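Heads up, structure.cif below (mmCIF, C-alpha atoms):
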data_my_file
#
loop_
_atom_site.group_PDB
_atom_site.id
_atom_site.type_symbol
_atom_site.label_atom_id
_atom_site.label_comp_id
_atom_site.auth_asym_id
_atom_site.auth_seq_id
_atom_site.Cartn_x
_atom_site.Cartn_y
_atom_site.Cartn_z
ATOM 1 C CA MET A 1 112.716 45.582 15.751
ATOM 2 C CA ALA A 2 112.585 42.237 13.929
ATOM 3 C CA ASN A 3 112.865 43.894 10.519
ATOM 4 C CA PHE A 4 115.908 46.058 11.313
ATOM 5 C CA THR A 5 118.457 45.754 8.465
ATOM 6 C CA PRO A 6 121.412 47.945 9.491
ATOM 7 C CA LEU A 7 123.972 46.643 6.991
ATOM 8 C CA SER A 8 121.923 47.067 3.808
ATOM 9 C CA ALA A 9 120.638 50.381 5.210
ATOM 10 C CA ALA A 10 124.217 51.635 5.668
ATOM 11 C CA ILE A 11 125.333 50.494 2.192
ATOM 12 C CA GLY A 12 122.230 51.916 0.499
ATOM 13 C CA GLY A 13 122.477 55.149 2.471
ATOM 14 C CA ALA A 14 126.134 55.572 1.499
ATOM 15 C CA LEU A 15 125.160 55.149 -2.176
ATOM 16 C CA ILE A 16 122.455 57.811 -1.817
ATOM 17 C CA GLY A 17 125.027 60.161 -0.271
ATOM 18 C CA LEU A 18 127.481 59.332 -3.064
ATOM 19 C CA ALA A 19 124.853 60.134 -5.726
ATOM 20 C CA ALA A 20 124.210 63.520 -4.077
ATOM 21 C CA VAL A 21 127.937 64.354 -3.995
ATOM 22 C CA LEU A 22 128.444 63.174 -7.601
ATOM 23 C CA LEU A 23 125.553 65.296 -8.885
ATOM 24 C CA MET A 24 126.955 68.385 -7.145
ATOM 25 C CA LEU A 25 130.515 67.651 -8.305
ATOM 26 C CA LEU A 26 129.507 67.084 -11.930
ATOM 27 C CA THR A 27 126.573 69.446 -12.487
ATOM 28 C CA GLY A 28 126.500 71.788 -9.494
ATOM 29 C CA ARG A 29 122.875 70.787 -8.782
ATOM 30 C CA VAL A 30 121.263 69.715 -5.504
ATOM 31 C CA ALA A 31 119.964 66.119 -5.571
ATOM 32 C CA GLY A 32 116.475 66.991 -4.338
ATOM 33 C CA ILE A 33 114.019 64.722 -6.088
ATOM 34 C CA SER A 34 110.979 66.964 -5.609
ATOM 35 C CA GLY A 35 112.952 69.847 -7.105
ATOM 36 C CA ILE A 36 114.240 67.730 -9.995
ATOM 37 C CA PHE A 37 110.749 66.403 -10.762
ATOM 38 C CA GLY A 38 109.084 69.779 -10.205
ATOM 39 C CA GLY A 39 111.504 71.367 -12.672
ATOM 40 C CA CYS A 40 110.335 68.918 -15.337
ATOM 41 C CA LEU A 41 106.760 70.196 -14.930
ATOM 42 C CA ASP A 42 107.595 73.906 -14.809
ATOM 43 C CA PHE A 43 107.650 75.496 -18.259
ATOM 44 C CA GLY A 44 109.842 78.286 -16.913
ATOM 45 C CA VAL A 45 112.707 75.893 -16.164
ATOM 46 C CA PRO A 46 115.009 75.444 -19.178
ATOM 47 C CA ASP A 47 117.369 72.619 -18.088
ATOM 48 C CA LYS A 48 115.030 69.659 -18.411
ATOM 49 C CA GLY A 49 117.470 67.188 -20.012
ATOM 50 C CA TRP A 50 119.504 66.157 -16.968
ATOM 51 C CA ARG A 51 116.349 66.182 -14.803
ATOM 52 C CA LEU A 52 114.552 63.696 -17.026
ATOM 53 C CA ALA A 53 117.755 61.633 -17.279
ATOM 54 C CA PHE A 54 118.030 61.523 -13.467
ATOM 55 C CA ILE A 55 114.450 60.238 -13.185
ATOM 56 C CA LEU A 56 115.129 57.699 -15.939
ATOM 57 C CA GLY A 57 118.174 56.515 -13.960
ATOM 58 C CA LEU A 58 115.979 56.133 -10.855
ATOM 59 C CA ILE A 59 113.568 53.934 -12.817
ATOM 60 C CA LEU A 60 116.341 51.926 -14.517
ATOM 61 C CA ALA A 61 117.963 50.996 -11.191
ATOM 62 C CA PRO A 62 115.309 48.459 -10.119
ATOM 63 C CA LEU A 63 115.118 47.077 -13.661
ATOM 64 C CA THR A 64 118.826 46.202 -13.533
ATOM 65 C CA GLY A 65 118.350 45.301 -9.878
ATOM 66 C CA SER A 66 116.246 42.307 -10.785
ATOM 67 C CA LEU A 67 119.259 40.952 -12.722
ATOM 68 C CA ALA A 68 121.437 41.270 -9.633
ATOM 69 C CA GLY A 69 119.062 39.662 -7.169
ATOM 70 C CA TYR A 70 117.345 42.861 -6.005
ATOM 71 C CA ALA A 71 113.973 42.324 -7.597
ATOM 72 C CA LEU A 72 111.433 45.063 -6.965
ATOM 73 C CA THR A 73 107.847 43.910 -6.741
ATOM 74 C CA ALA A 74 104.751 46.111 -6.751
ATOM 75 C CA PRO A 75 104.819 48.026 -3.465
ATOM 76 C CA GLN A 76 102.301 47.804 -0.682
ATOM 77 C CA MET A 77 100.020 50.827 -1.148
ATOM 78 C CA PRO A 78 96.954 52.132 0.693
ATOM 79 C CA THR A 79 93.867 50.109 -0.269
ATOM 80 C CA SER A 80 91.712 53.203 -0.705
ATOM 81 C CA TRP A 81 92.204 55.001 -4.034
ATOM 82 C CA LEU A 82 91.113 58.196 -2.323
ATOM 83 C CA THR A 83 94.032 57.882 0.110
ATOM 84 C CA VAL A 84 96.452 57.245 -2.775
ATOM 85 C CA VAL A 85 95.300 60.401 -4.579
ATOM 86 C CA ALA A 86 95.161 62.537 -1.433
ATOM 87 C CA ALA A 87 98.647 61.408 -0.360
ATOM 88 C CA GLY A 88 100.060 62.149 -3.825
ATOM 89 C CA LEU A 89 98.486 65.622 -3.902
ATOM 90 C CA LEU A 90 99.783 66.407 -0.402
ATOM 91 C CA VAL A 91 103.319 65.206 -1.198
ATOM 92 C CA GLY A 92 103.363 67.234 -4.437
ATOM 93 C CA PHE A 93 101.922 70.451 -2.993
ATOM 94 C CA GLY A 94 103.841 70.181 0.289
ATOM 95 C CA THR A 95 107.278 69.547 -1.192
ATOM 96 C CA ARG A 96 106.811 72.450 -3.593
ATOM 97 C CA LEU A 97 105.623 74.829 -0.858
ATOM 98 C CA GLY A 98 108.346 73.707 1.546
ATOM 99 C CA SER A 99 110.998 73.705 -1.208
ATOM 100 C CA GLY A 100 112.167 70.140 -0.668
ATOM 101 C CA CYS A 101 111.584 66.566 0.408
ATOM 102 C CA THR A 102 113.450 63.754 2.125
ATOM 103 C CA SER A 103 116.407 64.015 -0.276
ATOM 104 C CA GLY A 104 116.694 67.777 -0.743
ATOM 105 C CA HIS A 105 116.128 68.802 2.896
ATOM 106 C CA GLY A 106 116.745 65.506 4.710
ATOM 107 C CA ILE A 107 120.055 64.695 3.065
ATOM 108 C CA CYS A 108 121.532 67.507 0.944
ATOM 109 C CA GLY A 109 120.325 70.321 3.225
ATOM 110 C CA ILE A 110 121.267 68.727 6.527
ATOM 111 C CA ALA A 111 124.646 67.638 5.083
ATOM 112 C CA ARG A 112 125.574 71.283 4.645
ATOM 113 C CA LEU A 113 124.085 72.101 8.051
ATOM 114 C CA SER A 114 121.243 74.309 6.792
ATOM 115 C CA TRP A 115 118.871 75.189 9.630
ATOM 116 C CA ARG A 116 116.015 75.506 7.149
ATOM 117 C CA SER A 117 116.523 71.885 6.165
ATOM 118 C CA VAL A 118 117.013 70.639 9.729
ATOM 119 C CA THR A 119 113.729 72.355 10.660
ATOM 120 C CA ALA A 120 111.823 71.077 7.606
ATOM 121 C CA THR A 121 113.058 67.523 8.186
ATOM 122 C CA GLY A 122 112.055 67.636 11.857
ATOM 123 C CA VAL A 123 108.594 68.916 10.905
ATOM 124 C CA PHE A 124 107.818 66.401 8.140
ATOM 125 C CA MET A 125 109.209 63.484 10.173
ATOM 126 C CA ALA A 126 107.167 64.428 13.235
ATOM 127 C CA THR A 127 104.030 64.945 11.136
ATOM 128 C CA ALA A 128 104.432 61.594 9.383
ATOM 129 C CA VAL A 129 105.047 59.774 12.707
ATOM 130 C CA LEU A 130 101.867 61.363 14.039
ATOM 131 C CA VAL A 131 99.869 60.329 10.956
ATOM 132 C CA VAL A 132 101.057 56.713 11.241
ATOM 133 C CA ALA A 133 100.353 56.687 14.991
ATOM 134 C CA VAL A 134 96.791 57.865 14.354
ATOM 135 C CA THR A 135 96.031 55.686 11.315
ATOM 136 C CA ARG A 136 97.596 52.512 12.745
ATOM 137 C CA HIS A 137 96.888 52.777 16.466
ATOM 138 C CA ALA A 138 94.104 55.287 17.100
ATOM 139 C CA ILE A 139 91.598 54.336 14.377
ATOM 140 C CA GLY A 140 91.536 50.637 15.193
ATOM 141 C CA GLY A 141 93.677 49.797 12.159
ATOM 142 C CA MET B 1 127.345 65.539 -20.677
ATOM 143 C CA MET B 2 124.710 66.959 -18.313
ATOM 144 C CA ILE B 3 122.327 64.233 -19.417
ATOM 145 C CA ALA B 4 124.890 61.470 -18.847
ATOM 146 C CA ALA B 5 125.659 62.889 -15.394
ATOM 147 C CA GLY B 6 121.949 63.034 -14.541
ATOM 148 C CA LEU B 7 121.421 59.465 -15.673
ATOM 149 C CA LEU B 8 124.429 58.170 -13.701
ATOM 150 C CA CYS B 9 123.457 59.978 -10.485
ATOM 151 C CA GLY B 10 119.805 58.935 -10.730
ATOM 152 C CA PHE B 11 120.948 55.371 -11.272
ATOM 153 C CA VAL B 12 123.272 55.359 -8.225
ATOM 154 C CA PHE B 13 120.569 57.056 -6.134
ATOM 155 C CA GLY B 14 118.055 54.448 -7.277
ATOM 156 C CA TRP B 15 120.392 51.627 -6.291
ATOM 157 C CA GLY B 16 120.799 53.238 -2.883
ATOM 158 C CA LEU B 17 117.034 53.291 -2.350
ATOM 159 C CA LEU B 18 116.813 49.720 -3.645
ATOM 160 C CA ILE B 19 119.563 48.186 -1.457
ATOM 161 C CA SER B 20 118.489 50.092 1.648
ATOM 162 C CA GLY B 21 114.898 48.938 1.151
ATOM 163 C CA MET B 22 113.653 52.546 1.283
ATOM 164 C CA VAL B 23 111.998 52.047 -2.095
ATOM 165 C CA GLN B 24 109.390 49.959 -0.242
ATOM 166 C CA PRO B 25 106.689 52.068 1.435
ATOM 167 C CA ALA B 26 106.149 49.284 3.997
ATOM 168 C CA LYS B 27 109.769 49.655 5.180
ATOM 169 C CA VAL B 28 109.425 53.439 5.468
ATOM 170 C CA LEU B 29 106.112 53.155 7.347
ATOM 171 C CA ALA B 30 107.744 50.649 9.730
ATOM 172 C CA PHE B 31 110.243 53.393 10.609
ATOM 173 C CA LEU B 32 107.519 56.004 11.050
ATOM 174 C CA ASP B 33 105.546 53.591 13.257
ATOM 175 C CA LEU B 34 107.275 54.477 16.524
ATOM 176 C CA PHE B 35 104.494 52.910 18.569
ATOM 177 C CA GLY B 36 104.384 49.623 16.681
ATOM 178 C CA ASP B 37 107.034 47.116 15.622
ATOM 179 C CA TRP B 38 109.618 49.850 15.041
ATOM 180 C CA ASP B 39 112.222 49.394 12.280
ATOM 181 C CA PRO B 40 115.070 51.931 12.721
ATOM 182 C CA SER B 41 116.605 51.192 9.288
ATOM 183 C CA LEU B 42 115.682 54.599 7.792
ATOM 184 C CA ALA B 43 117.704 56.325 10.518
ATOM 185 C CA VAL B 44 120.774 54.273 9.522
ATOM 186 C CA VAL B 45 120.172 55.135 5.842
ATOM 187 C CA MET B 46 120.077 58.839 6.688
ATOM 188 C CA ALA B 47 123.144 58.629 8.935
ATOM 189 C CA ALA B 48 125.186 56.869 6.229
ATOM 190 C CA ALA B 49 123.941 59.224 3.492
ATOM 191 C CA LEU B 50 124.760 62.245 5.665
ATOM 192 C CA ALA B 51 128.230 60.939 6.532
ATOM 193 C CA VAL B 52 129.111 60.555 2.846
ATOM 194 C CA SER B 53 127.423 63.738 1.596
ATOM 195 C CA GLY B 54 128.596 65.841 4.558
ATOM 196 C CA LEU B 55 132.213 64.891 3.906
ATOM 197 C CA GLY B 56 131.805 65.083 0.105
ATOM 198 C CA PHE B 57 130.181 68.534 0.144
ATOM 199 C CA ARG B 58 132.933 69.773 2.451
ATOM 200 C CA LEU B 59 135.591 68.611 -0.004
ATOM 201 C CA LEU B 60 133.649 70.206 -2.888
ATOM 202 C CA ARG B 61 133.921 73.603 -1.203
ATOM 203 C CA ARG B 62 137.565 73.629 -2.287
ATOM 204 C CA ARG B 63 136.550 73.535 -5.942
ATOM 205 C CA GLU B 64 135.764 76.702 -7.841
ATOM 206 C CA ARG B 65 133.185 75.144 -10.144
ATOM 207 C CA PRO B 66 131.536 71.830 -10.998
ATOM 208 C CA VAL B 67 133.095 69.531 -13.618
ATOM 209 C CA ILE B 68 130.477 70.125 -16.324
ATOM 210 C CA ASP B 69 128.333 73.178 -15.640
ATOM 211 C CA GLY B 70 129.209 76.763 -14.758
ATOM 212 C CA ARG B 71 128.657 77.105 -11.028
ATOM 213 C CA PHE B 72 127.590 75.347 -7.855
ATOM 214 C CA GLN B 73 123.910 76.036 -7.211
ATOM 215 C CA TRP B 74 123.846 75.709 -3.401
ATOM 216 C CA SER B 75 120.708 77.062 -1.794
ATOM 217 C CA THR B 76 121.344 80.455 -0.249
ATOM 218 C CA ARG B 77 118.111 80.782 1.696
ATOM 219 C CA THR B 78 118.363 80.822 5.476
ATOM 220 C CA VAL B 79 114.993 82.187 6.704
ATOM 221 C CA ILE B 80 112.697 79.737 8.443
ATOM 222 C CA ASP B 81 109.308 80.957 7.198
ATOM 223 C CA LYS B 82 105.680 79.820 7.082
ATOM 224 C CA PRO B 83 105.853 78.169 3.627
ATOM 225 C CA LEU B 84 108.755 76.006 4.830
ATOM 226 C CA ILE B 85 106.892 74.819 7.928
ATOM 227 C CA GLY B 86 103.482 74.526 6.242
ATOM 228 C CA GLY B 87 104.946 72.727 3.252
ATOM 229 C CA ALA B 88 106.842 70.280 5.458
ATOM 230 C CA MET B 89 103.632 69.562 7.423
ATOM 231 C CA LEU B 90 101.597 68.878 4.259
ATOM 232 C CA PHE B 91 104.382 66.706 2.891
ATOM 233 C CA GLY B 92 104.601 64.794 6.195
ATOM 234 C CA LEU B 93 100.860 64.218 6.076
ATOM 235 C CA GLY B 94 101.036 62.662 2.609
ATOM 236 C CA TRP B 95 104.218 60.739 3.414
ATOM 237 C CA GLY B 96 102.620 59.234 6.523
ATOM 238 C CA LEU B 97 99.483 58.240 4.590
ATOM 239 C CA ALA B 98 101.246 56.309 1.810
ATOM 240 C CA GLY B 99 104.863 55.820 2.939
ATOM 241 C CA LEU B 100 106.034 57.259 -0.377
ATOM 242 C CA CYS B 101 108.161 60.337 -0.891
ATOM 243 C CA PRO B 102 109.086 61.615 -4.390
ATOM 244 C CA GLY B 103 112.232 59.484 -4.973
ATOM 245 C CA PRO B 104 110.782 56.055 -4.139
ATOM 246 C CA ALA B 105 107.492 57.030 -5.844
ATOM 247 C CA LEU B 106 109.253 57.694 -9.152
ATOM 248 C CA GLU B 107 111.474 54.614 -8.781
ATOM 249 C CA ASN B 108 108.395 52.438 -8.159
ATOM 250 C CA LEU B 109 107.048 53.464 -11.579
ATOM 251 C CA ALA B 110 109.318 50.632 -12.774
ATOM 252 C CA THR B 111 106.852 48.137 -11.270
ATOM 253 C CA LEU B 112 104.001 49.620 -13.395
ATOM 254 C CA SER B 113 101.779 49.356 -10.316
ATOM 255 C CA PRO B 114 98.548 51.285 -11.109
ATOM 256 C CA ARG B 115 98.464 52.756 -7.581
ATOM 257 C CA VAL B 116 101.995 54.101 -7.971
ATOM 258 C CA ILE B 117 101.165 55.615 -11.357
ATOM 259 C CA VAL B 118 98.106 57.334 -9.858
ATOM 260 C CA PHE B 119 100.176 58.503 -6.875
ATOM 261 C CA VAL B 120 102.836 60.046 -9.156
ATOM 262 C CA ALA B 121 100.144 61.695 -11.311
ATOM 263 C CA ALA B 122 98.538 63.164 -8.167
ATOM 264 C CA MET B 123 101.964 64.310 -6.971
ATOM 265 C CA ALA B 124 102.561 66.089 -10.295
ATOM 266 C CA ALA B 125 99.091 67.643 -10.038
ATOM 267 C CA GLY B 126 99.851 68.802 -6.487
ATOM 268 C CA MET B 127 103.038 70.481 -7.675
ATOM 269 C CA ALA B 128 101.269 72.134 -10.624
ATOM 270 C CA LEU B 129 98.456 73.292 -8.308
ATOM 271 C CA HIS B 130 100.978 74.844 -5.950
ATOM 272 C CA ASP B 131 102.752 76.690 -8.766
ATOM 273 C CA LEU B 132 99.424 77.943 -10.134
ATOM 274 C CA TRP B 133 98.286 79.071 -6.682
ATOM 275 C CA ARG B 134 101.535 80.890 -6.055
ATOM 276 C CA LYS B 135 101.462 82.614 -9.402
ATOM 277 C CA GLN B 136 97.915 83.778 -8.726
ATOM 278 C CA ARG B 137 98.794 85.006 -5.254
ATOM 279 C CA LEU B 138 101.747 86.908 -6.660
ATOM 280 C CA THR B 139 99.685 88.693 -9.318
ATOM 281 C CA VAL B 140 96.928 89.505 -6.821
ATOM 282 C CA GLY B 141 99.571 90.695 -4.365
ATOM 283 C CA LEU B 142 101.091 92.993 -6.942
ATOM 284 C CA ARG B 143 97.791 94.596 -7.852
ATOM 285 C CA THR B 144 96.331 94.975 -4.384
ATOM 286 C CA PRO B 145 99.015 94.328 -1.779
ATOM 287 C CA ALA B 146 96.593 94.738 1.132
ATOM 288 C CA SER B 147 94.319 91.901 0.064
ATOM 289 C CA GLU B 148 97.109 89.337 0.075
ATOM 290 C CA ALA B 149 97.301 89.233 3.840
ATOM 291 C CA ALA B 150 93.619 88.359 4.006
ATOM 292 C CA ASP B 151 94.146 85.323 1.793
ATOM 293 C CA GLY B 152 96.001 83.697 4.676
#
Encoded form (structure tokens):
Amino acid sequence: MANFTPLSAAIGGALIGLAAVLLMLLTGRVAGISGIFGGCLDFGVPDKGWRLAFILGLILAPLTGSLAGYALTAPQMPTSWLTVVAAGLLVGFGTRLGSGCTSGHGICGIARLSWRSVTATGVFMATAVLVVAVTRHAIGG
Amino acid sequence: MMIAAGLLCGFVFGWGLLISGMVQPAKVLAFLDLFGDWDPSLAVVMAAALAVSGLGFRLLRRRERPVIDGRFQWSTRTVIDKPLIGGAMLFGLGWGLAGLCPGPALENLATLSPRVIVFVAAMAAGMALHDLWRKQRLTVGLRTPASEAADG
């Protein structure tokens, strides 16, 4: 547990919670990123303005972060392009089918004690733990 | 006003992911790696986020309507069905492979990393594919209801 960073995790987590409460207070919308992003792609969804603005805000944060000592460098990604594409497809299809991701189910849904969200979060967490266990420890990686 | 609110909330959310380190796939994978050098940080992030949003949402219940828009759009669904479980499994599979979920993926676009751009494009394609598939299933289901069950 050498990399455990409880203080920054607690501060960052509180900010994420605050953003979710603010979005509900101001706009009445759930801060689920897959839903916000998905709505931008769906021609049937009319309210695209605030969705695109939310995503722009997400992207602006690290740009201002570099001014405040929180520089964001290119992330560590899978070396295989095939894995990158497959993972992206799975995350896109899965979050749409399951109606939510880490933010929508994991935070907003659990915060209002929705059993659907508790179940979904348990399932995607367990699946991801299993995937990492297999890729890192079973296949000699 | 809606656009300003969206921008502000996305910005605060982005700072939360940035400070907590959850914007880095390596940090997320270190949490998911229970059998390796485990980093419990993500659990603390979720606990703090849930403490704030749980309390905040509870207080919001006293309000009749949001500040800007007409009504609160809480989800009203309660049924735990196959799409929920199947979708969560597929999402978990992708999340475990790359360590990226939608929020950090979009935020990482700021780095202009080609792999992130490809990941986000694939994610958008996955969403579009799902919507297309569902639309098709719905039309087929309407015409010949019996055949839908066979589609699995």
Requested in this report: Run the PyMOL selection byres ((chain A and resi 26-34) around 8) mentally over the shown coordinates, then write out the matched residues as an MDAnalysis selection string, using the chain letters and numbers from the document.
Outcome: (chainID A and resid 19:20 22:25 35:38 92 95:96 100:105 108) or (chainID B and resid 2 5 65:74 102:103)
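Minimum atom-to-atom distance to chain B, evaluated using all atoms listed in the file, belongs to A:Phe124 out of A:Gly109, A:Val118, A:Phe124, A:Trp81.
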Query raised in the report: Which is closest to chain B among A:Ile11, A:Gly44, A:Ala68, A:Ile139, if we use all atoms listed in the file?
Result: A:Ile11
Requested in this report: Tell me the residues of chain A close to chain B, meaning within 6 Å using all atoms listed in the file, as JSON, numbers by chain.
Outcome: {"A": [1, 3, 4, 5, 6, 8, 9, 10, 12, 13, 14, 15, 16, 17, 19, 21, 23, 25, 26, 27, 28, 29, 33, 34, 49, 50, 53, 54, 57, 58, 59, 61, 74, 75, 84, 85, 87, 88, 89, 90, 91, 92, 93, 94, 95, 96, 97, 98, 107, 111, 116, 120, 123, 124, 127, 128, 129, 131, 132]}
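Closest approach to Cys40 of chain A among A:Leu52, A:Thr121, A:Ala86, A:Thr73 is made by A:Leu52 (distances from only C-alpha atoms).
Taking atom CA of Met125 of chain A as the reference point, atom CA of Gly106 of chain A is found at 9.5 Å.
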For segment 7-22 of chain B, supply N, CA and C atoms and format the output as an mmCIF file, in the frame of the given file.
data_model
loop_
_atom_site.group_PDB
_atom_site.id
_atom_site.type_symbol
_atom_site.label_atom_id
_atom_site.label_comp_id
_atom_site.auth_asym_id
_atom_site.auth_seq_id
_atom_site.Cartn_x
_atom_site.Cartn_y
_atom_site.Cartn_z
ATOM 1 N N LEU B 7 121.769 60.888 -15.587
ATOM 2 C CA LEU B 7 121.421 59.465 -15.673
ATOM 3 C C LEU B 7 122.228 58.653 -14.660
ATOM 4 N N LEU B 8 123.547 58.901 -14.615
ATOM 5 C CA LEU B 8 124.429 58.170 -13.701
ATOM 6 C C LEU B 8 123.998 58.393 -12.248
ATOM 7 N N CYS B 9 123.779 59.665 -11.878
ATOM 8 C CA CYS B 9 123.457 59.978 -10.485
ATOM 9 C C CYS B 9 122.092 59.418 -10.098
ATOM 10 N N GLY B 10 121.123 59.507 -11.009
ATOM 11 C CA GLY B 10 119.805 58.935 -10.730
ATOM 12 C C GLY B 10 119.906 57.433 -10.535
ATOM 13 N N PHE B 11 120.754 56.815 -11.332
ATOM 14 C CA PHE B 11 120.948 55.371 -11.272
ATOM 15 C C PHE B 11 121.569 54.956 -9.931
ATOM 16 N N VAL B 12 122.617 55.665 -9.509
ATOM 17 C CA VAL B 12 123.272 55.359 -8.225
ATOM 18 C C VAL B 12 122.297 55.609 -7.082
ATOM 19 N N PHE B 13 121.563 56.722 -7.160
ATOM 20 C CA PHE B 13 120.569 57.056 -6.134
ATOM 21 C C PHE B 13 119.520 55.941 -6.051
ATOM 22 N N GLY B 14 119.065 55.503 -7.221
ATOM 23 C CA GLY B 14 118.055 54.448 -7.277
ATOM 24 C C GLY B 14 118.554 53.152 -6.658
ATOM 25 N N TRP B 15 119.815 52.827 -6.906
ATOM 26 C CA TRP B 15 120.392 51.627 -6.291
ATOM 27 C C TRP B 15 120.469 51.775 -4.775
ATOM 28 N N GLY B 16 120.757 52.985 -4.326
ATOM 29 C CA GLY B 16 120.799 53.238 -2.883
ATOM 30 C C GLY B 16 119.447 52.990 -2.239
ATOM 31 N N LEU B 17 118.389 53.494 -2.881
ATOM 32 C CA LEU B 17 117.034 53.291 -2.350
ATOM 33 C C LEU B 17 116.672 51.807 -2.397
ATOM 34 N N LEU B 18 117.140 51.135 -3.442
ATOM 35 C CA LEU B 18 116.813 49.720 -3.645
ATOM 36 C C LEU B 18 117.487 48.849 -2.576
ATOM 37 N N ILE B 19 118.810 49.015 -2.407
ATOM 38 C CA ILE B 19 119.563 48.186 -1.457
ATOM 39 C C ILE B 19 119.102 48.467 -0.023
ATOM 40 N N SER B 20 118.877 49.743 0.278
ATOM 41 C CA SER B 20 118.489 50.092 1.648
ATOM 42 C C SER B 20 117.060 49.656 1.962
ATOM 43 N N GLY B 21 116.290 49.343 0.936
ATOM 44 C CA GLY B 21 114.898 48.938 1.151
ATOM 45 C C GLY B 21 113.949 50.121 1.235
ATOM 46 N N MET B 22 114.499 51.360 1.128
ATOM 47 C CA MET B 22 113.653 52.546 1.283
ATOM 48 C C MET B 22 112.717 52.764 0.098
#
